[in-house]
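Colleague: Data: entry.cif, mmCIF, C-alpha atoms and all ligand atoms.
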```
data_model
#
loop_
_atom_site.group_PDB
_atom_site.id
_atom_site.type_symbol
_atom_site.label_atom_id
_atom_site.label_comp_id
_atom_site.auth_asym_id
_atom_site.auth_seq_id
_atom_site.Cartn_x
_atom_site.Cartn_y
_atom_site.Cartn_z
ATOM 1 C CA MET A 1 -179.885 68.364 -9.722
ATOM 2 C CA ASP A 2 -180.003 71.167 -12.279
ATOM 3 C CA SER A 3 -176.818 70.763 -14.305
ATOM 4 C CA LYS A 4 -175.889 74.454 -14.404
ATOM 5 C CA LEU A 5 -175.726 74.615 -10.633
ATOM 6 C CA ARG A 6 -172.314 74.375 -8.982
ATOM 7 C CA SER A 7 -171.658 73.882 -5.294
ATOM 8 C CA LEU A 8 -170.731 77.128 -3.534
ATOM 9 C CA LEU A 9 -167.733 75.332 -2.079
ATOM 10 C CA SER A 10 -166.212 75.046 -5.573
ATOM 11 C CA ASP A 11 -165.462 78.797 -5.322
ATOM 12 C CA HIS A 12 -163.582 79.150 -2.019
ATOM 13 C CA SER A 13 -163.442 82.960 -1.984
ATOM 14 C CA ARG A 14 -167.155 83.302 -2.653
ATOM 15 C CA TYR A 15 -167.822 80.660 -0.028
ATOM 16 C CA VAL A 16 -165.773 82.515 2.590
ATOM 17 C CA GLU A 17 -167.409 85.861 1.667
ATOM 18 C CA SER A 18 -170.932 84.485 1.935
ATOM 19 C CA PHE A 19 -170.088 82.611 5.143
ATOM 20 C CA ARG A 20 -168.818 85.858 6.743
ATOM 21 C CA LEU A 21 -172.006 87.608 5.675
ATOM 22 C CA PHE A 22 -174.063 84.777 7.128
ATOM 23 C CA LEU A 23 -172.213 85.222 10.439
ATOM 24 C CA GLN A 24 -172.913 88.983 10.398
ATOM 25 C CA ASN A 25 -176.618 88.461 9.702
ATOM 26 C CA SER A 26 -177.231 85.592 12.109
ATOM 27 C CA THR A 27 -176.917 84.784 15.792
ATOM 28 C CA GLU A 28 -174.924 81.670 14.809
ATOM 29 C CA HIS A 29 -171.789 82.452 16.791
ATOM 30 C CA GLN A 30 -173.659 84.203 19.630
ATOM 31 C CA CYS A 31 -175.714 81.088 20.373
ATOM 32 C CA MET A 32 -172.555 78.963 20.244
ATOM 33 C CA GLN A 33 -170.854 81.419 22.630
ATOM 34 C CA HIS A 34 -173.769 81.107 25.026
ATOM 35 C CA PHE A 35 -173.460 77.314 24.870
ATOM 36 C CA ILE A 36 -169.708 77.522 25.477
ATOM 37 C CA GLU A 37 -170.283 79.716 28.537
ATOM 38 C CA SER A 38 -173.152 77.733 30.013
ATOM 39 C CA LYS A 39 -172.649 74.085 29.018
ATOM 40 C CA LEU A 40 -169.121 73.451 27.737
ATOM 41 C CA PRO A 41 -167.352 73.641 31.146
ATOM 42 C CA ASN A 42 -169.372 70.643 32.348
ATOM 43 C CA ILE A 43 -168.843 68.715 29.074
ATOM 44 C CA ILE A 44 -165.062 69.079 29.216
ATOM 45 C CA SER A 45 -164.783 68.673 32.978
ATOM 46 C CA SER A 46 -163.000 65.309 32.832
ATOM 47 C CA ILE A 47 -161.268 65.265 29.427
ATOM 48 C CA GLY A 48 -157.892 66.348 30.832
ATOM 49 C CA ASN A 49 -157.744 64.358 34.061
ATOM 50 C CA ASP A 50 -154.116 63.320 34.803
ATOM 51 C CA LYS A 51 -152.909 64.540 31.393
ATOM 52 C CA PRO A 52 -149.516 66.228 31.081
ATOM 53 C CA VAL A 53 -150.710 67.670 27.731
ATOM 54 C CA ILE A 54 -154.285 68.093 26.512
ATOM 55 C CA ASP A 55 -154.696 67.181 22.833
ATOM 56 C CA VAL A 56 -157.379 69.064 20.910
ATOM 57 C CA LEU A 57 -158.367 68.606 17.263
ATOM 58 C CA GLY A 58 -160.501 71.082 15.323
ATOM 59 C CA VAL A 59 -161.943 69.814 12.034
ATOM 60 C CA GLY A 60 -163.211 72.491 9.619
ATOM 61 C CA SER A 61 -162.361 75.220 12.121
ATOM 62 C CA GLY A 62 -162.685 78.159 9.744
ATOM 63 C CA SER A 63 -160.905 81.195 11.158
ATOM 64 C CA GLY A 64 -160.924 79.816 14.700
ATOM 65 C CA GLU A 65 -163.269 82.234 16.469
ATOM 66 C CA ILE A 66 -165.193 79.467 18.221
ATOM 67 C CA ASP A 67 -162.068 77.316 18.671
ATOM 68 C CA LEU A 68 -160.347 79.964 20.783
ATOM 69 C CA GLN A 69 -163.378 80.369 23.022
ATOM 70 C CA MET A 70 -163.449 76.629 23.672
ATOM 71 C CA ILE A 71 -159.712 76.597 24.343
ATOM 72 C CA ALA A 72 -160.236 79.341 26.944
ATOM 73 C CA LYS A 73 -162.645 77.017 28.784
ATOM 74 C CA ILE A 74 -160.120 74.159 28.711
ATOM 75 C CA GLN A 75 -157.466 76.544 30.051
ATOM 76 C CA ALA A 76 -159.824 77.663 32.816
ATOM 77 C CA ARG A 77 -160.457 74.041 33.845
ATOM 78 C CA TRP A 78 -156.733 73.041 33.788
ATOM 79 C CA PRO A 79 -154.759 76.232 34.364
ATOM 80 C CA GLY A 80 -151.218 76.061 32.976
ATOM 81 C CA VAL A 81 -151.514 72.552 31.454
ATOM 82 C CA PRO A 82 -150.052 72.625 27.922
ATOM 83 C CA ILE A 83 -152.600 72.294 25.124
ATOM 84 C CA ASN A 84 -151.649 70.827 21.756
ATOM 85 C CA ASN A 85 -154.216 72.211 19.316
ATOM 86 C CA GLN A 86 -154.284 70.687 15.832
ATOM 87 C CA ILE A 87 -156.486 72.072 13.097
ATOM 88 C CA VAL A 88 -157.665 70.320 9.924
ATOM 89 C CA GLU A 89 -158.929 72.980 7.536
ATOM 90 C CA PRO A 90 -158.701 72.884 3.705
ATOM 91 C CA SER A 91 -159.107 76.614 3.055
ATOM 92 C CA ALA A 92 -155.864 78.632 2.953
ATOM 93 C CA GLU A 93 -157.898 81.806 3.426
ATOM 94 C CA GLN A 94 -159.487 80.500 6.610
ATOM 95 C CA ILE A 95 -156.140 79.288 7.964
ATOM 96 C CA PHE A 96 -154.662 82.729 7.296
ATOM 97 C CA GLY A 97 -157.556 84.302 9.247
ATOM 98 C CA TYR A 98 -157.044 81.807 12.106
ATOM 99 C CA LYS A 99 -153.308 82.606 12.313
ATOM 100 C CA GLU A 100 -154.064 86.337 12.412
ATOM 101 C CA ARG A 101 -156.555 85.774 15.213
ATOM 102 C CA VAL A 102 -154.033 83.739 17.223
ATOM 103 C CA ALA A 103 -151.361 86.428 16.728
ATOM 104 C CA LYS A 104 -153.674 89.031 18.291
ATOM 105 C CA ALA A 105 -155.133 86.860 21.072
ATOM 106 C CA PRO A 106 -153.833 87.159 24.654
ATOM 107 C CA ASN A 107 -153.277 84.253 27.061
ATOM 108 C CA LEU A 108 -152.289 81.549 24.595
ATOM 109 C CA GLU A 109 -148.801 80.938 26.054
ATOM 110 C CA ASN A 110 -149.524 77.292 26.939
ATOM 111 C CA VAL A 111 -151.168 76.481 23.573
ATOM 112 C CA THR A 112 -149.309 75.220 20.500
ATOM 113 C CA PHE A 113 -151.094 75.382 17.152
ATOM 114 C CA SER A 114 -150.499 73.115 14.119
ATOM 115 C CA TRP A 115 -152.530 73.698 11.016
ATOM 116 C CA HIS A 116 -153.037 70.922 8.449
ATOM 117 C CA ARG A 117 -154.285 72.328 5.182
ATOM 118 C CA GLN A 118 -156.370 69.256 4.425
ATOM 119 C CA THR A 119 -159.889 67.937 4.237
ATOM 120 C CA SER A 120 -160.996 65.554 6.957
ATOM 121 C CA SER A 121 -160.669 62.586 4.591
ATOM 122 C CA GLU A 122 -157.129 63.621 3.581
ATOM 123 C CA PHE A 123 -156.255 63.816 7.282
ATOM 124 C CA GLU A 124 -157.810 60.371 7.822
ATOM 125 C CA SER A 125 -155.786 58.875 4.935
ATOM 126 C CA GLN A 126 -152.595 60.432 6.282
ATOM 127 C CA VAL A 127 -153.190 59.086 9.788
ATOM 128 C CA ASN A 128 -153.882 55.628 8.325
ATOM 129 C CA GLU A 129 -150.720 55.779 6.168
ATOM 130 C CA ASP A 130 -148.553 56.938 9.077
ATOM 131 C CA LYS A 131 -150.051 54.151 11.221
ATOM 132 C CA GLN A 132 -149.583 56.514 14.176
ATOM 133 C CA MET A 133 -153.000 56.994 15.566
ATOM 134 C CA ARG A 134 -152.708 59.961 17.856
ATOM 135 C CA LYS A 135 -155.523 60.164 20.380
ATOM 136 C CA PHE A 136 -157.310 63.392 21.210
ATOM 137 C CA ASP A 137 -159.012 64.524 24.405
ATOM 138 C CA PHE A 138 -161.371 66.876 22.617
ATOM 139 C CA ILE A 139 -162.376 66.863 18.943
ATOM 140 C CA HIS A 140 -164.827 69.309 17.433
ATOM 141 C CA MET A 141 -166.520 69.390 14.038
ATOM 142 C CA ILE A 142 -168.588 72.557 13.904
ATOM 143 C CA GLN A 143 -170.827 73.154 10.918
ATOM 144 C CA MET A 144 -168.617 71.105 8.617
ATOM 145 C CA LEU A 145 -170.068 67.609 8.204
ATOM 146 C CA TYR A 146 -172.091 68.852 5.215
ATOM 147 C CA TYR A 147 -168.843 68.899 3.271
ATOM 148 C CA VAL A 148 -167.623 65.337 3.689
ATOM 149 C CA LYS A 149 -168.529 62.578 1.246
ATOM 150 C CA ASP A 150 -168.734 59.678 3.683
ATOM 151 C CA VAL A 151 -170.357 61.032 6.837
ATOM 152 C CA LEU A 152 -170.744 57.673 8.625
ATOM 153 C CA GLY A 153 -167.121 56.708 7.882
ATOM 154 C CA THR A 154 -165.964 60.140 9.073
ATOM 155 C CA LEU A 155 -167.909 59.814 12.331
ATOM 156 C CA LYS A 156 -166.437 56.358 12.937
ATOM 157 C CA PHE A 157 -162.904 57.529 12.198
ATOM 158 C CA PHE A 158 -162.951 60.628 14.426
ATOM 159 C CA LYS A 159 -164.694 58.768 17.234
ATOM 160 C CA SER A 160 -161.880 56.200 17.049
ATOM 161 C CA CYS A 161 -159.404 59.096 17.529
ATOM 162 C CA LEU A 162 -160.767 59.873 21.009
ATOM 163 C CA ALA A 163 -158.668 59.205 24.108
ATOM 164 C CA PRO A 164 -160.473 57.153 26.802
ATOM 165 C CA SER A 165 -162.128 60.185 28.484
ATOM 166 C CA GLY A 166 -162.322 62.196 25.270
ATOM 167 C CA LYS A 167 -165.353 63.941 23.799
ATOM 168 C CA LEU A 168 -166.326 64.611 20.192
ATOM 169 C CA LEU A 169 -168.476 67.723 19.790
ATOM 170 C CA ILE A 170 -170.502 68.148 16.606
ATOM 171 C CA ILE A 171 -172.647 71.133 15.669
ATOM 172 C CA LEU A 172 -175.019 71.088 12.701
ATOM 173 C CA VAL A 173 -178.322 72.683 11.782
ATOM 174 C CA SER A 174 -181.210 71.257 13.723
ATOM 175 C CA GLY A 175 -183.820 68.999 12.140
ATOM 176 C CA ASN A 176 -186.439 71.648 13.075
ATOM 177 C CA SER A 177 -184.615 74.544 11.376
ATOM 178 C CA GLY A 178 -185.537 76.404 8.201
ATOM 179 C CA TRP A 179 -182.546 74.668 6.615
ATOM 180 C CA ALA A 180 -184.174 71.262 7.098
ATOM 181 C CA THR A 181 -187.411 72.518 5.487
ATOM 182 C CA LEU A 182 -185.549 73.995 2.538
ATOM 183 C CA TRP A 183 -183.288 71.014 1.967
ATOM 184 C CA LYS A 184 -186.041 68.424 2.292
ATOM 185 C CA LYS A 185 -188.034 70.170 -0.409
ATOM 186 C CA TYR A 186 -185.265 71.301 -2.753
ATOM 187 C CA GLY A 187 -182.225 69.138 -1.954
ATOM 188 C CA GLN A 188 -182.792 67.046 -5.095
ATOM 189 C CA ARG A 189 -182.528 70.093 -7.354
ATOM 190 C CA LEU A 190 -179.554 71.719 -5.615
ATOM 191 C CA PRO A 191 -175.908 70.632 -6.048
ATOM 192 C CA LEU A 192 -176.404 67.573 -3.856
ATOM 193 C CA ASN A 193 -173.687 64.934 -3.416
ATOM 194 C CA ASP A 194 -171.231 67.148 -5.198
ATOM 195 C CA LEU A 195 -169.345 68.938 -2.454
ATOM 196 C CA CYS A 196 -172.234 69.422 -0.105
ATOM 197 C CA LEU A 197 -174.704 67.081 1.598
ATOM 198 C CA TYR A 198 -177.946 68.371 3.022
ATOM 199 C CA ILE A 199 -177.745 66.696 6.383
ATOM 200 C CA THR A 200 -179.044 67.813 9.760
ATOM 201 C CA ALA A 201 -178.247 66.876 13.341
ATOM 202 C CA GLY A 202 -181.187 64.453 13.190
ATOM 203 C CA ASP A 203 -179.384 62.429 10.497
ATOM 204 C CA ILE A 204 -176.193 62.402 12.583
ATOM 205 C CA ALA A 205 -178.091 61.197 15.661
ATOM 206 C CA GLU A 206 -179.481 58.290 13.617
ATOM 207 C CA MET A 207 -176.015 57.350 12.369
ATOM 208 C CA LEU A 208 -174.546 57.517 15.874
ATOM 209 C CA SER A 209 -177.358 55.308 17.190
ATOM 210 C CA SER A 210 -176.674 52.801 14.400
ATOM 211 C CA MET A 211 -173.025 52.766 15.518
ATOM 212 C CA GLY A 212 -174.081 52.124 19.118
ATOM 213 C CA ALA A 213 -172.346 55.357 20.176
ATOM 214 C CA ARG A 214 -173.174 57.122 23.432
ATOM 215 C CA PHE A 215 -174.117 60.754 22.892
ATOM 216 C CA GLN A 216 -176.219 63.669 24.181
ATOM 217 C CA SER A 217 -177.907 66.427 22.160
ATOM 218 C CA HIS A 218 -178.501 70.075 23.052
ATOM 219 C CA GLU A 219 -180.706 72.451 21.045
ATOM 220 C CA LEU A 220 -179.532 76.020 20.327
ATOM 221 C CA GLN A 221 -181.948 78.729 19.219
ATOM 222 C CA SER A 222 -180.618 80.906 16.447
ATOM 223 C CA ASP A 223 -181.949 83.132 13.675
ATOM 224 C CA MET A 224 -180.745 84.867 10.562
ATOM 225 C CA ASP A 225 -181.990 88.078 8.981
ATOM 226 C CA ILE A 226 -182.538 87.261 5.297
ATOM 227 C CA THR A 227 -184.459 90.448 4.360
ATOM 228 C CA GLU A 228 -181.776 91.412 1.831
ATOM 229 C CA CYS A 229 -182.456 88.232 -0.182
ATOM 230 C CA PHE A 230 -185.703 89.837 -1.336
ATOM 231 C CA ILE A 231 -184.191 93.120 -2.530
ATOM 232 C CA GLU A 232 -183.609 93.049 -6.302
ATOM 233 C CA GLY A 233 -179.932 93.540 -7.231
ATOM 234 C CA ASP A 234 -178.697 93.479 -3.597
ATOM 235 C CA ARG A 235 -175.268 91.811 -3.657
ATOM 236 C CA ASP A 236 -175.318 90.815 0.011
ATOM 237 C CA GLY A 237 -178.765 89.295 -0.537
ATOM 238 C CA GLU A 238 -177.375 87.282 -3.462
ATOM 239 C CA LEU A 239 -174.472 86.000 -1.366
ATOM 240 C CA LEU A 240 -176.844 85.012 1.427
ATOM 241 C CA LEU A 241 -178.972 83.148 -1.098
ATOM 242 C CA ASP A 242 -175.842 81.332 -2.240
ATOM 243 C CA PHE A 243 -175.165 80.331 1.343
ATOM 244 C CA LEU A 244 -178.765 79.207 1.930
ATOM 245 C CA THR A 245 -178.769 77.021 -1.181
ATOM 246 C CA GLU A 246 -175.019 76.160 -0.978
ATOM 247 C CA THR A 247 -174.991 77.078 -4.675
ATOM 248 C CA CYS A 248 -172.590 79.329 -6.531
ATOM 249 C CA ASP A 249 -174.354 82.463 -7.837
ATOM 250 C CA PHE A 250 -177.763 80.889 -7.338
ATOM 251 C CA LYS A 251 -179.778 83.907 -8.481
ATOM 252 C CA ARG A 252 -178.121 83.985 -11.907
ATOM 253 C CA ASN A 253 -177.702 80.269 -12.506
ATOM 254 C CA ALA A 254 -180.858 78.686 -11.103
ATOM 255 C CA PRO A 255 -183.748 77.992 -13.476
ATOM 256 C CA ALA A 256 -186.432 80.643 -13.005
ATOM 257 C CA ASP A 257 -189.021 78.241 -11.536
ATOM 258 C CA LEU A 258 -186.631 76.940 -8.885
ATOM 259 C CA ARG A 259 -185.395 80.447 -8.033
ATOM 260 C CA ASP A 260 -188.913 81.831 -7.669
ATOM 261 C CA GLN A 261 -190.148 78.884 -5.609
ATOM 262 C CA ILE A 262 -187.212 79.029 -3.218
ATOM 263 C CA ILE A 263 -187.487 82.797 -2.811
ATOM 264 C CA CYS A 264 -191.177 82.367 -2.036
ATOM 265 C CA ASP A 265 -190.652 79.453 0.368
ATOM 266 C CA LEU A 266 -187.928 81.270 2.262
ATOM 267 C CA LYS A 267 -190.679 83.550 3.581
ATOM 268 C CA SER A 268 -193.009 80.664 4.491
ATOM 269 C CA PRO A 269 -193.613 79.612 8.134
ATOM 270 C CA GLY A 270 -191.580 76.413 7.673
ATOM 271 C CA CYS A 271 -188.499 78.571 7.128
ATOM 272 C CA SER A 272 -189.029 82.054 8.545
ATOM 273 C CA THR A 273 -191.087 84.505 10.535
ATOM 274 C CA THR A 274 -191.607 88.199 9.798
ATOM 275 C CA LYS A 275 -190.764 90.714 12.532
ATOM 276 C CA ASP A 276 -190.822 94.513 12.168
ATOM 277 C CA GLY A 277 -190.705 94.201 8.381
ATOM 278 C CA LYS A 278 -187.710 91.846 8.539
ATOM 279 C CA VAL A 279 -187.684 88.240 7.369
ATOM 280 C CA ILE A 280 -186.071 86.108 10.078
ATOM 281 C CA PHE A 281 -184.940 82.618 9.027
ATOM 282 C CA ASN A 282 -184.936 79.775 11.576
ATOM 283 C CA ASN A 283 -181.242 78.931 11.997
ATOM 284 C CA ASN A 284 -181.645 76.606 15.010
ATOM 285 C CA LEU A 285 -178.664 74.367 15.660
ATOM 286 C CA SER A 286 -178.019 71.175 17.573
ATOM 287 C CA VAL A 287 -174.913 70.265 19.495
ATOM 288 C CA ILE A 288 -174.153 66.561 19.746
ATOM 289 C CA VAL A 289 -171.545 65.382 22.234
ATOM 290 C CA VAL A 290 -170.198 61.879 21.584
ATOM 291 C CA GLU A 291 -168.413 59.902 24.282
ATOM 292 C CA ALA A 292 -165.375 57.704 23.743
ATOM 293 C CA ASP A 293 -165.995 53.943 23.920
HETATM 294 C C1 LIG B 1 -169.426 76.689 7.778
HETATM 295 S S1 LIG B 1 -167.711 76.773 7.961
HETATM 296 C C2 LIG B 1 -167.572 76.556 9.717
HETATM 297 C C3 LIG B 1 -166.319 77.166 10.298
HETATM 298 C C4 LIG B 1 -166.229 77.115 11.814
HETATM 299 N N1 LIG B 1 -166.223 75.747 12.316
HETATM 300 C C5 LIG B 1 -167.358 77.917 12.430
HETATM 301 O O1 LIG B 1 -168.358 77.320 12.832
HETATM 302 O O2 LIG B 1 -167.232 79.140 12.487
HETATM 303 C C6 LIG B 1 -167.175 75.209 7.329
HETATM 304 C C7 LIG B 1 -165.687 75.026 7.347
HETATM 305 O O3 LIG B 1 -165.393 73.677 6.946
HETATM 306 C C8 LIG B 1 -164.292 73.712 6.050
HETATM 307 N N2 LIG B 1 -164.374 72.486 5.229
HETATM 308 C C9 LIG B 1 -165.004 72.311 4.046
HETATM 309 N N3 LIG B 1 -164.858 71.054 3.602
HETATM 310 C C10 LIG B 1 -164.138 70.399 4.533
HETATM 311 C C11 LIG B 1 -163.656 69.065 4.645
HETATM 312 N N4 LIG B 1 -163.924 68.148 3.720
HETATM 313 N N5 LIG B 1 -162.908 68.750 5.728
HETATM 314 C C12 LIG B 1 -162.647 69.672 6.687
HETATM 315 N N6 LIG B 1 -163.099 70.943 6.628
HETATM 316 C C13 LIG B 1 -163.837 71.310 5.582
HETATM 317 C C14 LIG B 1 -164.476 75.002 5.268
HETATM 318 O O4 LIG B 1 -163.278 75.438 4.648
HETATM 319 C C15 LIG B 1 -164.963 75.946 6.371
HETATM 320 O O5 LIG B 1 -163.902 76.587 7.025
#
```
Here is a file; write its structure as structure tokens.
Ligand SMILES: C[S@@+](CC[C@H](N)C(=O)[O-])C[C@H]1O[C@@H](n2cnc3c(N)ncnc32)[C@H](O)[C@@H]1O

Modeller:
Amino acid sequence: MDSKLRSLLSDHSRYVESFRLFLQNSTEHQCMQHFIESKLPNIISSIGNDKPVIDVLGVGSGSGEIDLQMIAKIQARWPGVPINNQIVEPSAEQIFGYKERVAKAPNLENVTFSWHRQTSSEFESQVNEDKQMRKFDFIHMIQMLYYVKDVLGTLKFFKSCLAPSGKLLIILVSGNSGWATLWKKYGQRLPLNDLCLYITAGDIAEMLSSMGARFQSHELQSDMDITECFIEGDRDGELLLDFLTETCDFKRNAPADLRDQIICDLKSPGCSTTKDGKVIFNNNLSVIVVEAD
């Protein structure tokens, strides 16, 4: 790794700003919404059978946009059944955004929210210290496993938190996405193993297989308009580049050869296509649904 490069996650505000920009420029949440509408009802169809309360855990939930859509599907499947929704999220800014969203959202009367301002490993240590392993009917980890140090340990721990009919839903970039191409080629020179790991859903599937876990995968098509990354001095383009490389102020801090190579490769067929003068990055995602033992 080039020593001047810092993980984007070390600057929370910049991270949140570039993440919001990424959401604006991509179909990330739209493809998740489509999945929630078309596939989630079947996935969650038995998680709440005979439950007086349905326990849900969101890990790395951000500002909760996707969480609330999934909760709506659980409510639709078990009308009126109380839902205990716990959230593990280290960013105060994201938790603030989540609380604001909940305050404005209708139809959440039967849902209680508890936010834990913690990383997943802090939550794990606390659960182990308390020796009170609460079981959850539905756990989701959406676009967050890049930010844990011990991915295999984290998968094992959260799988062990599932109730007997529970499901663990993971979303990460797909092994056939532009992200995978970029990270395979440049991961060694980016702030790897600092706060961010360049893993894809393919890596998670291998780990789950090694654990003997039962799981299914679903592919989601998604893209991201990265045209602004190629406009000199464009601040949004710089923030998007930060998000793509998970590096803080990449354009200013990266050595010139790395910067130029990445900017060139971002336009290559392994990462993007060009449509109507726009550069469209392959942001395909995979959803992995893990069953309880
Ligand atoms: C890419 S965002 C995804 C947010 C949301 N799940 C979504 O898809 O819209 C990653 C989230 O993971 C959170 N995060 C980062 N490191 C984490 C960790 N070690 N444990 C739990 N969450 C983490 C970040 O604060 C951020 O909100």

Colleague: Suppose a student applies the PyMOL selection byres (((chain A and resi 212) around 12) and not hetatm) to this structure; what residues should they get, written as a list in words?

Modeller: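 Listing what the PyMOL selection byres (((chain A and resi 212) around 12) and not hetatm) selects in the shown file: Leu155, Lys156, Lys159, Ala205, Glu206, Met207, Leu208, Ser209, Ser210, Met211, Ala213, Arg214, Phe215, Val290, Glu291, Ala292 and Asp293 of chain A.
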
Colleague: What does the file look like for those residues with C-alpha atoms, as a PDB file, in the coordinates of the input?

Modeller:
```pdb
ATOM      1  CA  LEU A 155    -167.909  59.814  12.331  1.00  0.00           C
ATOM      2  CA  LYS A 156    -166.437  56.358  12.937  1.00  0.00           C
ATOM      3  CA  LYS A 159    -164.694  58.768  17.234  1.00  0.00           C
ATOM      4  CA  ALA A 205    -178.091  61.197  15.661  1.00  0.00           C
ATOM      5  CA  GLU A 206    -179.481  58.290  13.617  1.00  0.00           C
ATOM      6  CA  MET A 207    -176.015  57.350  12.369  1.00  0.00           C
ATOM      7  CA  LEU A 208    -174.546  57.517  15.874  1.00  0.00           C
ATOM      8  CA  SER A 209    -177.358  55.308  17.190  1.00  0.00           C
ATOM      9  CA  SER A 210    -176.674  52.801  14.400  1.00  0.00           C
ATOM     10  CA  MET A 211    -173.025  52.766  15.518  1.00  0.00           C
ATOM     11  CA  ALA A 213    -172.346  55.357  20.176  1.00  0.00           C
ATOM     12  CA  ARG A 214    -173.174  57.122  23.432  1.00  0.00           C
ATOM     13  CA  PHE A 215    -174.117  60.754  22.892  1.00  0.00           C
ATOM     14  CA  VAL A 290    -170.198  61.879  21.584  1.00  0.00           C
ATOM     15  CA  GLU A 291    -168.413  59.902  24.282  1.00  0.00           C
ATOM     16  CA  ALA A 292    -165.375  57.704  23.743  1.00  0.00           C
ATOM     17  CA  ASP A 293    -165.995  53.943  23.920  1.00  0.00           C
TER      18      ASP A 293
END
```

Colleague: Is it possible to get the axis-aligned box enclosing ligand LIG 1 (chain B) (all listed atoms, 3 Å extra per side) as JSON, with centre and edge lengths in Å rounded to one decimal?

Modeller:
```
{"center_x": -166.0, "center_y": 73.6, "center_z": 8.2, "size_x": 12.8, "size_y": 17.0, "size_z": 15.2}
```

Colleague: Give me the residues near Asp276 in chain A as a VMD selection string, where near means some atom within 12 Å (using only C-alpha atoms) and where sequence neighbours in that chain fewer than 4 positions away do not count.

Modeller: chain A and resid 225 227 280

Colleague: Deliver the residues from the most recent selection as a file, using C-alpha atoms, as a PDB file, in the frame of the given file.

Modeller:
```pdb
ATOM      1  CA  ASP A 225    -181.990  88.078   8.981  1.00  0.00           C
ATOM      2  CA  THR A 227    -184.459  90.448   4.360  1.00  0.00           C
ATOM      3  CA  ILE A 280    -186.071  86.108  10.078  1.00  0.00           C
TER       4      ILE A 280
END
```

Colleague: Could you give me, as CSV, every chain A residue with an atom at most 6 Å from ligand LIG 1 (chain B), plus its closest atom pair and distance in Å to one decimal, counting all atoms listed in the file, rows ordered by chain then number?

Modeller:
```
residue,atom,partner,partner_atom,distance
A:Val59,CA,B:LIG1,C12,5.4
A:Gly60,CA,B:LIG1,N6,3.4
A:Ser61,CA,B:LIG1,N1,3.9
A:Gly62,CA,B:LIG1,O5,3.4
A:Val88,CA,B:LIG1,C12,6.0
A:Glu89,CA,B:LIG1,N6,4.7
A:Pro90,CA,B:LIG1,O4,5.3
A:Ser91,CA,B:LIG1,O4,4.6
A:Gln94,CA,B:LIG1,O5,5.9
A:Thr119,CA,B:LIG1,N5,3.5
A:Ser120,CA,B:LIG1,N5,3.9
A:Ile142,CA,B:LIG1,N1,4.3
A:Gln143,CA,B:LIG1,C2,4.9
A:Met144,CA,B:LIG1,O3,4.4
A:Tyr147,CA,B:LIG1,N3,4.5
A:Val148,CA,B:LIG1,N4,4.6
```

Colleague: Closest to Thr274 in chain A among A:Asp223, A:Ile199, A:Gly233, A:Ala256, using all atoms listed in the file?

Modeller: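 Closest residue, counting all atoms listed in the file: A:Asp223.
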
Colleague: Please determine, counting only C-alpha atoms, which residue among A:Lys167, A:Lys149, A:Arg189, A:Arg77 has the shortest atom-to-atom distance to Ser121 in chain A.

Modeller: A:Lys149

Colleague: Do you know which residues are at most 7 Å from Glu219 in chain A counting all atoms listed in the file, after dropping those on the same chain fewer than 6 positions away, and could you put them as a PyMOL selection string?

Modeller: chain A and resi 285-287

Colleague: How would you write, as a list in words, the residues chosen by the PyMOL selection byres (((chain A and resi 138) around 8) and not hetatm) on this structure?

Modeller: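 Going through the file, the PyMOL selection byres (((chain A and resi 138) around 8) and not hetatm) ends up selecting Ile44, Ile47, Asp55, Val56, Leu57, Phe136, Asp137, Ile139, His140, Leu162, Gly166, Lys167, Leu168 and Leu169 of chain A.
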
Colleague: Between A:Asp203, A:Glu28, A:Asp265, A:Asp11, which one has atoms that come closest to Gln221 in chain A, using only C-alpha atoms?

Modeller: A:Glu28

Colleague: Taking the file as I've supplied it (selection: the PyMOL selection byres (((chain A and resi 73) around 10) and not hetatm)), which residues are included? Please answer as a PyMOL selection string.

Modeller: chain A and resi 36-37+40-42+44-45+68-72+74-79

Colleague: Please identify all polymer residues within 6 Å of range 177-181 of chain A, counting only C-alpha atoms, omitting same-chain residues fewer than 3 positions from it, and present them as a count of residues only.

Modeller: 6
